[in-house]
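Data block for model-v6.cif (mmCIF, C-alpha atoms):
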data_my_file
loop_
_atom_site.label_atom_id
_atom_site.label_comp_id
_atom_site.auth_asym_id
_atom_site.auth_seq_id
_atom_site.Cartn_x
_atom_site.Cartn_y
_atom_site.Cartn_z
CA MET V 8 48.13 60.01 4.76
CA LYS V 9 51.68 58.97 4.05
CA LEU V 10 52.47 56.01 1.81
CA SER V 11 54.05 54.13 4.71
CA GLN V 12 50.89 54.59 6.79
CA VAL V 13 48.76 53.30 3.92
CA SER V 14 51.00 50.24 3.61
CA VAL V 15 50.66 49.48 7.31
CA LEU V 16 46.88 49.89 7.14
CA LEU V 17 46.57 47.61 4.11
CA ALA V 18 48.81 45.00 5.70
CA GLY V 19 46.66 45.05 8.81
CA LEU V 20 43.46 44.69 6.78
CA PHE V 21 44.97 41.82 4.77
CA SER V 22 46.03 40.08 7.97
CA SER V 23 42.54 40.48 9.40
CA VAL V 24 40.98 38.99 6.28
CA VAL V 25 43.36 36.02 6.36
CA LEU V 26 42.69 35.36 10.04
CA ALA V 27 38.95 35.73 9.47
CA GLN V 28 39.12 32.80 7.07
CA VAL V 29 40.75 30.51 9.65
CA GLU V 30 38.11 28.14 11.02
CA GLN V 31 40.14 26.05 13.46
CA VAL V 32 43.48 26.29 15.18
CA ILE V 33 45.12 23.06 16.29
CA GLN V 34 47.71 23.61 19.00
CA VAL V 35 50.43 20.96 18.77
CA GLY V 36 53.14 20.19 21.31
CA HIS V 37 55.30 17.90 19.16
CA LEU V 38 54.62 17.88 15.40
CA LEU V 39 56.39 15.11 13.48
CA ASP V 40 57.75 16.01 10.05
CA VAL V 41 57.42 12.59 8.44
CA ARG V 42 59.77 13.50 5.61
CA THR V 43 62.72 14.16 7.93
CA GLY V 44 61.80 12.47 11.21
CA ASN V 45 62.27 15.74 13.10
CA TYR V 46 59.82 17.23 15.57
CA GLN V 47 58.65 20.83 15.52
CA LYS V 48 57.66 22.03 18.99
CA ASN V 49 54.82 24.31 20.07
CA LYS V 50 53.21 24.81 16.68
CA ALA V 51 49.73 25.81 15.58
CA ILE V 52 48.04 24.37 12.50
CA LEU V 53 45.63 26.85 10.92
CA VAL V 54 42.69 25.26 9.10
CA GLU V 55 40.54 26.71 6.33
CA GLU V 56 37.80 24.65 4.65
CA GLY V 57 39.27 21.44 6.02
CA ARG V 58 42.78 22.10 4.72
CA ILE V 59 45.97 23.37 6.31
CA SER V 60 46.42 27.04 5.42
CA ALA V 61 49.50 27.67 7.57
CA ILE V 62 51.68 26.23 10.32
CA VAL V 63 52.92 28.91 12.72
CA ASP V 64 54.44 29.22 16.16
CA ALA V 65 51.76 28.62 18.77
CA LYS V 66 52.21 32.11 20.21
CA ASP V 67 51.35 33.67 16.84
CA ALA V 68 48.08 31.78 16.29
CA PRO V 69 44.73 33.62 16.31
CA LYS V 70 42.79 33.29 19.54
CA ASN V 71 39.24 34.05 18.41
CA VAL V 72 38.52 30.76 16.58
CA GLN V 73 37.81 27.17 17.52
CA ILE V 74 40.88 25.64 19.16
CA ILE V 75 41.79 21.96 19.44
CA ASP V 76 44.39 21.69 22.17
CA LEU V 77 47.01 19.01 21.47
CA SER V 78 49.77 20.95 23.18
CA THR V 79 50.75 18.00 25.39
CA HIS V 80 50.66 15.41 22.61
CA TYR V 81 52.83 13.97 19.86
CA VAL V 82 51.12 14.49 16.51
CA VAL V 83 51.54 12.65 13.20
CA PRO V 84 49.60 12.98 9.93
CA GLY V 85 46.38 11.04 9.57
CA LEU V 86 47.37 7.45 8.89
CA ILE V 87 46.74 5.67 5.59
CA ASP V 88 45.96 1.97 5.12
CA MET V 89 46.50 1.07 1.49
CA HIS V 90 44.82 -2.34 1.62
CA VAL V 91 41.49 -2.70 3.37
CA HIS V 92 38.09 -4.26 2.71
CA LEU V 93 35.68 -2.13 4.75
CA THR V 94 32.61 -3.98 3.48
CA SER V 95 34.00 -7.39 4.47
CA ASP V 96 32.95 -8.96 7.77
CA PRO V 97 35.94 -10.82 9.26
CA GLN V 98 33.59 -13.31 10.90
CA LYS V 99 32.09 -14.41 7.58
CA HIS V 100 34.87 -16.11 5.69
CA GLY V 101 34.49 -19.09 3.36
CA TYR V 102 30.98 -20.48 2.88
CA ARG V 103 29.54 -18.04 5.43
CA GLY V 104 30.02 -15.27 2.93
CA LEU V 105 27.64 -16.84 0.41
CA VAL V 106 24.63 -15.41 2.27
CA GLU V 107 25.94 -11.85 2.06
CA THR V 108 24.56 -9.33 -0.43
CA PRO V 109 26.32 -6.16 -1.56
CA THR V 110 23.62 -4.16 0.24
CA ARG V 111 24.25 -5.96 3.51
CA GLU V 112 28.00 -5.55 3.04
CA ALA V 113 27.62 -1.82 2.53
CA ILE V 114 25.62 -1.57 5.75
CA PHE V 115 28.30 -3.52 7.61
CA GLY V 116 30.83 -1.09 6.17
CA VAL V 117 29.28 1.77 8.14
CA SER V 118 30.55 0.40 11.46
CA ALA V 119 33.82 -0.76 9.92
CA ALA V 120 34.50 2.70 8.51
CA LYS V 121 33.84 4.37 11.85
CA ALA V 122 36.11 1.94 13.71
CA THR V 123 38.88 2.50 11.15
CA LEU V 124 38.66 6.28 11.44
CA LYS V 125 38.75 6.19 15.23
CA ALA V 126 41.86 4.00 14.98
CA GLY V 127 43.61 6.97 13.39
CA PHE V 128 43.34 5.92 9.75
CA THR V 129 41.87 8.94 8.03
CA THR V 130 42.46 7.59 4.50
CA VAL V 131 42.16 4.08 3.08
CA ARG V 132 42.45 2.35 -0.26
CA ASN V 133 39.65 -0.21 -0.43
CA LEU V 134 40.90 -3.04 -2.63
CA GLY V 135 37.85 -4.96 -3.65
CA ALA V 136 34.15 -5.14 -2.84
CA SER V 137 31.16 -6.76 -4.50
CA GLY V 138 28.32 -4.88 -6.10
CA TYR V 139 30.10 -1.51 -5.85
CA ALA V 140 29.34 -1.48 -2.14
CA ASP V 141 32.60 0.37 -1.50
CA VAL V 142 31.58 3.10 -3.95
CA SER V 143 28.36 3.65 -2.01
CA LEU V 144 30.24 3.67 1.29
CA ARG V 145 32.77 6.19 -0.02
CA ASP V 146 30.04 8.47 -1.32
CA ALA V 147 28.11 8.38 1.97
CA ILE V 148 31.26 9.38 3.86
CA GLU V 149 32.07 12.17 1.41
CA GLU V 150 28.55 13.56 1.72
CA GLY V 151 28.77 13.58 5.52
CA GLU V 152 26.03 11.02 6.07
CA ILE V 153 28.29 8.70 8.09
CA GLN V 154 31.70 8.84 9.75
CA GLY V 155 34.65 7.19 8.08
CA PRO V 156 38.02 7.69 6.44
CA ARG V 157 38.58 9.18 3.02
CA MET V 158 38.30 6.29 0.58
CA ARG V 159 39.84 5.41 -2.74
CA VAL V 160 37.99 2.33 -3.97
CA ALA V 161 38.65 -0.46 -6.47
CA ALA V 162 35.14 -1.96 -6.73
CA ASN V 163 35.36 -5.42 -8.42
CA THR V 164 38.76 -7.11 -8.31
CA ILE V 165 39.62 -8.20 -11.84
CA CYS V 166 40.55 -11.89 -12.09
CA ILE V 167 40.67 -14.92 -14.38
CA THR V 168 37.98 -17.56 -14.51
CA GLY V 169 38.49 -19.83 -11.52
CA GLY V 170 41.22 -17.66 -10.08
CA HIS V 171 41.57 -15.77 -6.85
CA CYS V 172 38.55 -13.48 -6.37
CA ASP V 173 36.28 -15.57 -8.61
CA ASN V 174 33.45 -17.39 -6.84
CA ASN V 175 34.87 -20.91 -6.57
CA LEU V 176 32.74 -22.14 -3.68
CA LEU V 177 29.74 -23.47 -5.61
CA PRO V 178 29.55 -26.41 -8.07
CA HIS V 179 29.15 -25.87 -11.80
CA ILE V 180 25.36 -26.26 -11.82
CA TYR V 181 25.04 -22.80 -10.26
CA ASN V 182 27.28 -21.18 -12.89
CA ALA V 183 28.56 -18.81 -10.19
CA ARG V 184 30.96 -16.18 -11.42
CA SER V 185 32.34 -13.07 -9.76
CA ALA V 186 31.59 -9.74 -11.41
CA GLY V 187 35.31 -9.02 -11.91
CA VAL V 188 36.08 -12.06 -14.09
CA ALA V 189 37.75 -11.15 -17.39
CA ASN V 190 39.94 -13.19 -19.74
CA GLY V 191 42.17 -11.91 -22.52
CA PRO V 192 43.42 -8.37 -23.26
CA ASP V 193 40.13 -7.08 -24.66
CA GLU V 194 38.06 -8.33 -21.74
CA VAL V 195 40.38 -6.93 -19.09
CA ARG V 196 40.36 -3.53 -20.79
CA ALA V 197 36.57 -3.64 -20.85
CA LYS V 198 36.44 -4.58 -17.17
CA VAL V 199 38.72 -1.67 -16.24
CA ARG V 200 36.40 0.66 -18.13
CA GLU V 201 33.34 -0.84 -16.46
CA ASN V 202 34.80 -0.42 -12.97
CA ILE V 203 35.68 3.20 -13.69
CA LYS V 204 32.23 3.83 -15.20
CA TYR V 205 30.60 2.86 -11.91
CA GLY V 206 32.92 4.76 -9.62
CA ALA V 207 36.29 3.03 -9.13
CA ASP V 208 39.14 5.37 -8.17
CA VAL V 209 41.81 2.66 -8.40
CA ILE V 210 42.09 -0.71 -10.12
CA LYS V 211 43.01 -4.02 -8.52
CA PHE V 212 43.63 -7.33 -10.22
CA ALA V 213 44.71 -10.79 -9.07
CA ALA V 214 48.11 -11.71 -10.53
CA THR V 215 48.37 -14.99 -8.59
CA GLY V 216 46.33 -17.40 -6.56
CA GLY V 217 45.42 -16.50 -3.00
CA VAL V 218 45.41 -17.83 0.54
CA LEU V 219 41.70 -17.37 1.17
CA SER V 220 40.35 -18.59 -2.18
CA LYS V 221 39.23 -22.15 -2.80
CA ASN V 222 41.14 -24.26 -5.33
CA THR V 223 43.84 -21.73 -6.16
CA ASP V 224 47.57 -22.27 -5.84
CA VAL V 225 48.92 -19.31 -3.90
CA ASN V 226 52.20 -19.44 -5.85
CA ALA V 227 50.65 -19.88 -9.30
CA SER V 228 50.52 -16.99 -11.77
CA GLN V 229 47.26 -15.64 -13.18
CA TYR V 230 47.16 -13.52 -16.35
CA ASN V 231 49.96 -13.51 -18.88
CA LEU V 232 52.14 -10.49 -19.55
CA GLU V 233 50.04 -9.30 -22.50
CA GLU V 234 46.86 -9.32 -20.41
CA MET V 235 48.53 -7.49 -17.53
CA LYS V 236 49.95 -4.81 -19.83
CA ALA V 237 46.55 -4.26 -21.43
CA LEU V 238 44.88 -3.92 -18.03
CA ILE V 239 47.51 -1.59 -16.57
CA ASP V 240 47.81 0.55 -19.69
CA GLU V 241 44.05 1.03 -19.78
CA ALA V 242 43.94 2.02 -16.13
CA HIS V 243 46.89 4.40 -16.45
CA ASP V 244 45.33 5.97 -19.54
CA ARG V 245 42.31 6.74 -17.37
CA GLY V 246 44.41 8.21 -14.55
CA ARG V 247 44.06 5.27 -12.16
CA ILE V 248 46.81 3.58 -10.18
CA VAL V 249 46.86 -0.22 -10.22
CA ALA V 250 47.39 -2.72 -7.39
CA ALA V 251 48.22 -6.37 -8.07
CA HIS V 252 47.31 -9.07 -5.58
CA ALA V 253 50.42 -11.19 -5.94
CA HIS V 254 51.80 -13.83 -3.61
CA GLY V 255 53.58 -15.97 -6.18
CA LEU V 256 56.97 -15.14 -7.64
CA GLN V 257 56.18 -15.35 -11.36
CA GLY V 258 53.06 -13.23 -10.96
CA ILE V 259 55.01 -10.64 -8.97
CA LYS V 260 57.65 -10.34 -11.69
CA ARG V 261 55.11 -10.17 -14.50
CA ALA V 262 53.12 -7.46 -12.76
CA ILE V 263 56.21 -5.36 -12.12
CA GLU V 264 57.36 -5.72 -15.74
CA ALA V 265 53.87 -4.77 -16.90
CA GLY V 266 54.09 -1.50 -14.96
CA VAL V 267 51.92 -2.09 -11.91
CA ASP V 268 52.05 0.59 -9.20
CA SER V 269 51.98 -1.70 -6.18
CA ILE V 270 52.39 -5.37 -5.33
CA GLU V 271 50.05 -6.52 -2.58
CA HIS V 272 51.25 -9.29 -0.21
CA GLY V 273 54.43 -10.19 -2.15
CA SER V 274 54.92 -13.35 -0.11
CA PHE V 275 57.22 -15.32 -2.45
CA ILE V 276 59.26 -12.37 -3.69
CA ASP V 277 62.96 -13.18 -4.13
CA ASP V 278 66.15 -11.14 -4.48
CA GLU V 279 65.76 -10.79 -8.24
CA ALA V 280 62.17 -9.58 -7.96
CA ILE V 281 63.18 -7.17 -5.18
CA LYS V 282 65.79 -5.68 -7.52
CA LEU V 283 63.17 -5.49 -10.25
CA ALA V 284 60.75 -3.65 -7.95
CA LYS V 285 63.47 -1.22 -6.94
CA LYS V 286 64.41 -0.61 -10.59
CA HIS V 287 60.82 0.12 -11.61
CA GLY V 288 59.93 2.10 -8.49
CA THR V 289 57.18 -0.38 -7.64
CA TYR V 290 55.76 -0.19 -4.14
CA LEU V 291 55.40 -3.26 -1.95
CA VAL V 292 52.37 -3.40 0.33
CA MET V 293 53.00 -6.40 2.57
CA ASP V 294 50.42 -7.25 5.24
CA VAL V 295 52.76 -8.73 7.83
CA TYR V 296 50.29 -8.74 10.74
CA VAL V 297 47.26 -10.56 9.34
CA SER V 298 48.83 -14.05 9.48
CA ASP V 299 48.51 -14.03 13.26
CA PHE V 300 44.76 -13.50 13.03
CA ILE V 301 44.28 -16.12 10.33
CA LEU V 302 46.15 -18.81 12.25
CA SER V 303 44.67 -18.01 15.67
CA GLU V 304 41.09 -16.97 14.82
CA GLY V 305 40.58 -18.10 11.24
CA GLU V 306 38.91 -21.44 11.89
CA LYS V 307 36.29 -19.82 14.14
CA ALA V 308 35.71 -17.17 11.46
CA GLY V 309 34.95 -19.76 8.77
CA ILE V 310 38.27 -19.76 6.92
CA LEU V 311 38.57 -22.99 4.93
CA PRO V 312 40.99 -25.72 6.08
CA GLU V 313 42.90 -25.50 2.78
CA SER V 314 43.34 -21.76 3.35
CA LEU V 315 44.68 -22.31 6.85
CA ALA V 316 47.16 -24.82 5.41
CA LYS V 317 48.29 -22.27 2.81
CA GLU V 318 48.74 -19.57 5.43
CA LYS V 319 51.01 -21.83 7.48
CA LYS V 320 53.35 -21.96 4.47
CA VAL V 321 53.06 -18.31 3.50
CA GLY V 322 52.98 -16.25 6.71
CA LEU V 323 56.52 -16.62 8.01
CA LEU V 324 58.03 -16.58 4.52
CA GLN V 325 56.28 -13.29 3.77
CA ARG V 326 57.76 -11.69 6.89
CA GLN V 327 61.25 -12.92 6.06
CA ASN V 328 60.96 -11.53 2.54
CA PHE V 329 59.60 -8.27 3.94
CA GLN V 330 62.81 -8.01 5.93
CA LYS V 331 64.86 -8.55 2.75
CA ALA V 332 62.90 -5.89 0.90
CA VAL V 333 63.38 -3.36 3.69
CA LYS V 334 67.13 -3.95 3.71
CA ALA V 335 67.22 -3.53 -0.07
CA GLY V 336 65.50 -0.16 0.14
CA VAL V 337 62.40 -0.97 -1.91
CA LYS V 338 59.54 1.53 -1.70
CA MET V 339 57.06 0.34 0.91
CA ALA V 340 53.53 1.43 1.79
CA TYR V 341 51.37 0.39 4.72
CA GLY V 342 48.58 -2.09 4.02
CA THR V 343 46.95 -4.57 6.38
CA ASP V 344 44.14 -6.46 4.57
CA ALA V 345 41.70 -5.31 7.26
CA GLY V 346 38.45 -7.13 6.70
CA VAL V 347 40.28 -10.41 6.82
CA TYR V 348 40.77 -9.45 10.48
CA THR V 349 38.81 -7.11 12.76
CA HIS V 350 38.39 -3.53 11.57
CA GLY V 351 39.91 -0.89 13.82
CA LEU V 352 42.98 -2.93 14.68
CA ASN V 353 44.92 -1.54 11.71
CA GLY V 354 47.58 -0.01 13.95
CA ARG V 355 48.79 -3.37 15.21
CA GLN V 356 50.91 -3.86 12.10
CA PHE V 357 53.34 -1.05 13.01
CA ALA V 358 55.05 -3.15 15.68
CA TYR V 359 55.37 -6.10 13.28
CA MET V 360 57.01 -3.93 10.64
CA VAL V 361 59.53 -2.74 13.21
CA GLN V 362 60.10 -6.28 14.46
CA TRP V 363 60.88 -7.37 10.90
CA GLY V 364 63.39 -4.72 10.00
CA MET V 365 61.95 -1.23 9.76
CA THR V 366 62.83 1.66 12.00
CA PRO V 367 59.82 3.28 13.70
CA LEU V 368 60.18 6.26 11.35
CA GLN V 369 60.17 4.00 8.28
CA ALA V 370 57.01 2.29 9.51
CA ILE V 371 55.32 5.65 10.08
CA GLN V 372 56.47 6.90 6.67
CA ALA V 373 54.97 3.79 5.08
CA ALA V 374 51.58 4.79 6.51
CA THR V 375 51.88 8.50 5.76
CA VAL V 376 54.08 10.18 3.16
CA ASN V 377 54.89 6.97 1.23
CA ALA V 378 51.28 5.83 1.08
CA GLY V 379 50.18 9.32 0.11
CA THR V 380 52.73 9.43 -2.70
CA LEU V 381 51.61 6.04 -4.02
CA LEU V 382 47.96 7.08 -3.83
CA ASN V 383 48.84 10.07 -6.05
CA TRP V 384 45.92 12.09 -4.67
CA LYS V 385 46.75 15.76 -5.15
CA ASN V 386 44.93 19.05 -4.83
CA GLU V 387 44.47 21.61 -7.60
CA GLN V 388 47.89 23.09 -6.87
CA GLY V 389 49.56 19.71 -7.33
CA GLN V 390 50.26 19.29 -3.61
CA GLN V 391 49.91 16.02 -1.74
CA ASN V 392 46.46 15.80 -0.16
CA VAL V 393 47.12 13.12 2.42
CA GLY V 394 49.99 11.62 4.41
CA VAL V 395 51.66 14.92 5.30
CA LEU V 396 50.99 17.93 7.54
CA GLU V 397 51.83 20.64 5.07
CA VAL V 398 50.12 23.70 3.63
CA GLY V 399 47.46 22.62 1.14
CA ALA V 400 46.97 19.13 2.55
CA PHE V 401 43.83 17.96 4.32
CA ALA V 402 43.94 18.79 8.03
CA ASP V 403 44.03 15.11 9.06
CA LEU V 404 46.12 14.16 12.07
CA VAL V 405 46.52 11.75 14.96
CA ALA V 406 47.47 12.75 18.51
CA LEU V 407 49.42 10.28 20.64
CA SER V 408 50.27 10.09 24.32
CA ALA V 409 53.93 9.16 23.73
CA ASP V 410 56.66 9.56 21.14
CA PRO V 411 55.96 6.91 18.44
CA LEU V 412 59.63 6.99 17.39
CA GLN V 413 60.42 5.58 20.83
CA GLN V 414 57.23 3.61 21.50
CA ILE V 415 55.81 2.36 18.21
CA LYS V 416 52.85 0.63 19.88
CA THR V 417 51.45 3.99 20.93
CA LEU V 418 50.07 4.15 17.36
CA GLU V 419 47.66 1.37 18.29
CA GLN V 420 45.75 3.67 20.64
CA PRO V 421 45.36 7.25 19.41
CA VAL V 422 44.32 9.79 22.02
CA LYS V 423 42.61 12.06 19.49
CA VAL V 424 41.90 11.89 15.76
CA VAL V 425 41.22 14.91 13.57
CA LYS V 426 39.83 14.78 10.02
CA SER V 427 39.42 17.96 7.98
CA GLY V 428 40.17 19.97 11.09
CA GLN V 429 37.30 18.38 13.03
CA GLN V 430 37.93 16.14 16.00
CA VAL V 431 36.34 12.70 15.47
CA LEU V 432 37.84 10.95 18.51
#

Spell out the structure here as structure tokens.
Amino acid sequence: MKLSQVSVLLAGLFSSVVLAQVEQVIQVGHLLDVRTGNYQKNKAILVEEGRISAIVDAKDAPKNVQIIDLSTHYVVPGLIDMHVHLTSDPQKHGYRGLVETPTREAIFGVSAAKATLKAGFTTVRNLGASGYADVSLRDAIEEGEIQGPRMRVAANTICITGGHCDNNLLPHIYNARSAGVANGPDEVRAKVRENIKYGADVIKFAATGGVLSKNTDVNASQYNLEEMKALIDEAHDRGRIVAAHAHGLQGIKRAIEAGVDSIEHGSFIDDEAIKLAKKHGTYLVMDVYVSDFILSEGEKAGILPESLAKEKKVGLLQRQNFQKAVKAGVKMAYGTDAGVYTHGLNGRQFAYMVQWGMTPLQAIQAATVNAGTLLNWKNEQGQQNVGVLEVGAFADLVALSADPLQQIKTLEQPVKVVKSGQQVL
């Protein structure tokens, strides 16, 4: 046999082996490249072990494997919500939450996780849960026991005594204290280590007061610079990214200077702090939809009167400052604070982000490639796991009935959702 014939034979055998490893083929009519905003037409995504092994022209795809036909749809990567609370029931705010146990919250999280996944959000960053309920929920999803998005979890939010995320609802005779309370550099380092010991993938701390906490000033700073640096350095040393709950201006600036990876909410951010965030490469995760729920449904859901009063001051200002940050070109990632409002409605925020200054592509990038970059979740080859439809990434995607670059609200109602190459909606 001639050498050329041997080469052809070997090439054919190699091709057969490669195709034999393909488990699913996803036929796509319009595939959005979220890095460029361009569509690729009539493509096929080849899936092996839940990951994308190749993207080829539809006509070149193997025919003898499971096929998911999205040839008439617009397809984007699986969406990412970088600020959720899947174990939080949005109908049990304020004093209603005192009857909840971490076990009960984890059970509630089963339905919340399923609703979130079916809304097209195949990855979430869960920023705070009691009793490591989010760790248990994440593990149950990973082991295939229940349906839900991929989760990166923060477990206990780290906070000062009496600050946002401490238990401030009961009088002193009960000596109530949230598990995340830590004061001083040594204590915050220890709390970071404790969270990681019991399963936290990311770290969250409260840099300012909050809207939904009793007896906290939403604009007041919590933790000094030394404490923040100790907390963030410890987390970074352990390979964890850090999110700072921060409405107030001083707390925002301190957290950025201390090296935090993302500012959550960012309501009182000003031009100087926007420049500081841009200089440091800090992401802003601003939940510009949730105010509508708080002000329209919050009282029925048990939100305290003082919290409703705070939201009336914060909501519009946050949206105006979001607009400033977009114009300034600060890095932005998509986060909604789902759990404050009904799970599964995560997609509603897209239209608000566009209304307040983003292009549709920028809003989609915030929930895909930007969020994936911030999450810093990579495979063994150093490739981005989530937020992109590229070789090596998880085969997570959302199929839509219309072009989201023209009709942003189409993201609120996915036609089909695929996670790890398997259709879940």

Residues in the PyMOL selection byres ((chain V and resi 228) around 6), expressed as a list in words | Ala214, Thr215, Ala227, Gln229, Gln257 and Gly258 of chain V

Check which residues satisfy the PyMOL selection byres ((chain V and resi 130-136) around 6) in the file shown, then give them as a CSV table (one decimal) with C-alpha atoms, in the frame of the given file.
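Result written to expr_9.csv:
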chain,number,residue,atom,x,y,z
V,87,ILE,CA,46.7,5.7,5.6
V,88,ASP,CA,46.0,2.0,5.1
V,89,MET,CA,46.5,1.1,1.5
V,90,HIS,CA,44.8,-2.3,1.6
V,91,VAL,CA,41.5,-2.7,3.4
V,92,HIS,CA,38.1,-4.3,2.7
V,128,PHE,CA,43.3,5.9,9.8
V,129,THR,CA,41.9,8.9,8.0
V,137,SER,CA,31.2,-6.8,-4.5
V,141,ASP,CA,32.6,0.4,-1.5
V,156,PRO,CA,38.0,7.7,6.4
V,157,ARG,CA,38.6,9.2,3.0
V,158,MET,CA,38.3,6.3,0.6
V,159,ARG,CA,39.8,5.4,-2.7
V,160,VAL,CA,38.0,2.3,-4.0
V,161,ALA,CA,38.6,-0.5,-6.5
V,162,ALA,CA,35.1,-2.0,-6.7
V,163,ASN,CA,35.4,-5.4,-8.4
V,164,THR,CA,38.8,-7.1,-8.3

So, counting all atoms listed in the file, which residue among V:Gly127, V:Gly169, V:Gly309, V:Gly191 is closest to Arg103 (chain V)?
->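 Under the stated criterion, the closest residue is V:Gly309.
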
Selection result for the PyMOL selection byres ((chain V and resi 173) around 10) on this file, as a PyMOL selection string = chain V and resi 164-172+174-176+183-189+213+220-221

Closest contacts (region 299-349 of chain V/region 371-382 of chain V, max 7 Å, only C-alpha atoms) as a tab-separated table:
residue	atom	partner	partner_atom	distance
V:Met339	CA	V:Ala373	CA	5.8
V:Ala340	CA	V:Ala373	CA	4.3
V:Tyr341	CA	V:Ala374	CA	4.8

Ser274 (chain V) surroundings by all atoms listed in the file, 9 Å radius, close-in-sequence under 5 positions cut, as a list in words = Asn226, Ala253, His254, Gly255, Leu256, Met293, Val321, Gly322, Leu323, Leu324, Gln325, Arg326, Gln327, Asn328 and Phe329 of chain V

Out of V:Val405, V:Val297, V:Val142, V:Leu232, which residue has the shortest atom-to-atom distance to Ser427 (chain V) when counting only C-alpha atoms?
-> V:Val405

Measure the distance from CA of Gln362 (chain V) to CA of Ala280 (chain V) in Å and round it to one decimal.
->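 CA of Ala280 (chain V) lies 22.8 Å from CA of Gln362 (chain V).
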
Find the residue from V:His243, V:Glu152, V:Gly138, V:Gly305 that sits nearest to Val117 (chain V); use only C-alpha atoms when measuring.
->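 Among the listed residues, V:Glu152 lies closest to Val117 (chain V).
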
What is the CA of Asp96 (chain V) to CA of Lys307 (chain V) distance in Å?
->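 We find that CA of Asp96 (chain V) and CA of Lys307 (chain V) lie 13.0 Å from each other.
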
So what do you get for CA of Thr79 (chain V) versus CA of Asp403 (chain V), distance-wise?
->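 For CA of Thr79 (chain V) relative to CA of Asp403 (chain V), the distance reads 17.9 Å.
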
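With distances restricted to only C-alpha atoms, V:Ile52 is the closest residue to Gly399 (chain V) from V:Ile52, V:Leu219, V:Ala120, V:Ala250.
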
Using only C-alpha atoms, collect all residues at a distance of at most 7 Å from (52.2, 14.2, 6.9) as written in the file, then present them as number ranges by chain.
-> V: 40-41, 83-84, 375-376, 393-397

Nearby residues, (53.6, 4.1, 21.1) file frame, 10 Å, all atoms listed in the file, as an MDAnalysis selection string | chainID V and resid 81 357:358 367 407:421

Selected residue, from V:Glu271, V:Glu234, V:Glu306, V:Asp294, that lies nearest to Lys99 (chain V) when counting only C-alpha atoms =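 With only C-alpha atoms as the atom set, the closest residue is V:Glu306.
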
Shortest interatomic distance to Val295 (chain V) - which of V:Gln47, V:Asn222, V:Asn353, V:Thr110, counting all atoms listed in the file =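 The shortest atom-to-atom distance to Val295 (chain V) comes from V:Asn353.
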
Please identify all polymer residues within 12 Å of Ser60 (chain V), counting all atoms listed in the file, omitting same-chain residues fewer than 3 positions from it, and present them as number ranges by chain.
-> V: 25-26, 28-33, 51-57, 63, 68, 396-402, 427-428

Incomplete region 353-361 of chain V filled out to N, CA, C and O atoms as a PDB file, in the coordinates of the input:
ATOM      1  N   ASN V 353      43.932  -1.795  12.765  1.00  0.00           N
ATOM      2  CA  ASN V 353      44.920  -1.540  11.710  1.00  0.00           C
ATOM      3  C   ASN V 353      46.294  -1.176  12.258  1.00  0.00           C
ATOM      4  O   ASN V 353      47.316  -1.513  11.679  1.00  0.00           O
ATOM      5  N   GLY V 354      46.322  -0.473  13.392  1.00  0.00           N
ATOM      6  CA  GLY V 354      47.580  -0.010  13.950  1.00  0.00           C
ATOM      7  C   GLY V 354      48.480  -1.099  14.497  1.00  0.00           C
ATOM      8  O   GLY V 354      49.667  -0.856  14.759  1.00  0.00           O
ATOM      9  N   ARG V 355      47.972  -2.279  14.673  1.00  0.00           N
ATOM     10  CA  ARG V 355      48.790  -3.370  15.210  1.00  0.00           C
ATOM     11  C   ARG V 355      49.962  -3.731  14.304  1.00  0.00           C
ATOM     12  O   ARG V 355      50.968  -4.271  14.767  1.00  0.00           O
ATOM     13  N   GLN V 356      49.850  -3.438  13.021  1.00  0.00           N
ATOM     14  CA  GLN V 356      50.910  -3.860  12.100  1.00  0.00           C
ATOM     15  C   GLN V 356      52.198  -3.065  12.294  1.00  0.00           C
ATOM     16  O   GLN V 356      53.277  -3.553  11.936  1.00  0.00           O
ATOM     17  N   PHE V 357      52.125  -1.856  12.844  1.00  0.00           N
ATOM     18  CA  PHE V 357      53.340  -1.050  13.010  1.00  0.00           C
ATOM     19  C   PHE V 357      54.431  -1.826  13.756  1.00  0.00           C
ATOM     20  O   PHE V 357      55.588  -1.852  13.342  1.00  0.00           O
ATOM     21  N   ALA V 358      54.062  -2.433  14.865  1.00  0.00           N
ATOM     22  CA  ALA V 358      55.050  -3.150  15.680  1.00  0.00           C
ATOM     23  C   ALA V 358      55.651  -4.321  14.922  1.00  0.00           C
ATOM     24  O   ALA V 358      56.847  -4.633  15.077  1.00  0.00           O
ATOM     25  N   TYR V 359      54.866  -4.973  14.075  1.00  0.00           N
ATOM     26  CA  TYR V 359      55.370  -6.100  13.280  1.00  0.00           C
ATOM     27  C   TYR V 359      56.357  -5.611  12.231  1.00  0.00           C
ATOM     28  O   TYR V 359      57.365  -6.268  11.952  1.00  0.00           O
ATOM     29  N   MET V 360      56.087  -4.472  11.640  1.00  0.00           N
ATOM     30  CA  MET V 360      57.010  -3.930  10.640  1.00  0.00           C
ATOM     31  C   MET V 360      58.348  -3.564  11.271  1.00  0.00           C
ATOM     32  O   MET V 360      59.408  -3.763  10.671  1.00  0.00           O
ATOM     33  N   VAL V 361      58.292  -3.056  12.492  1.00  0.00           N
ATOM     34  CA  VAL V 361      59.530  -2.740  13.210  1.00  0.00           C
ATOM     35  C   VAL V 361      60.250  -4.019  13.609  1.00  0.00           C
ATOM     36  O   VAL V 361      61.478  -4.137  13.492  1.00  0.00           O
TER      37      VAL V 361
END
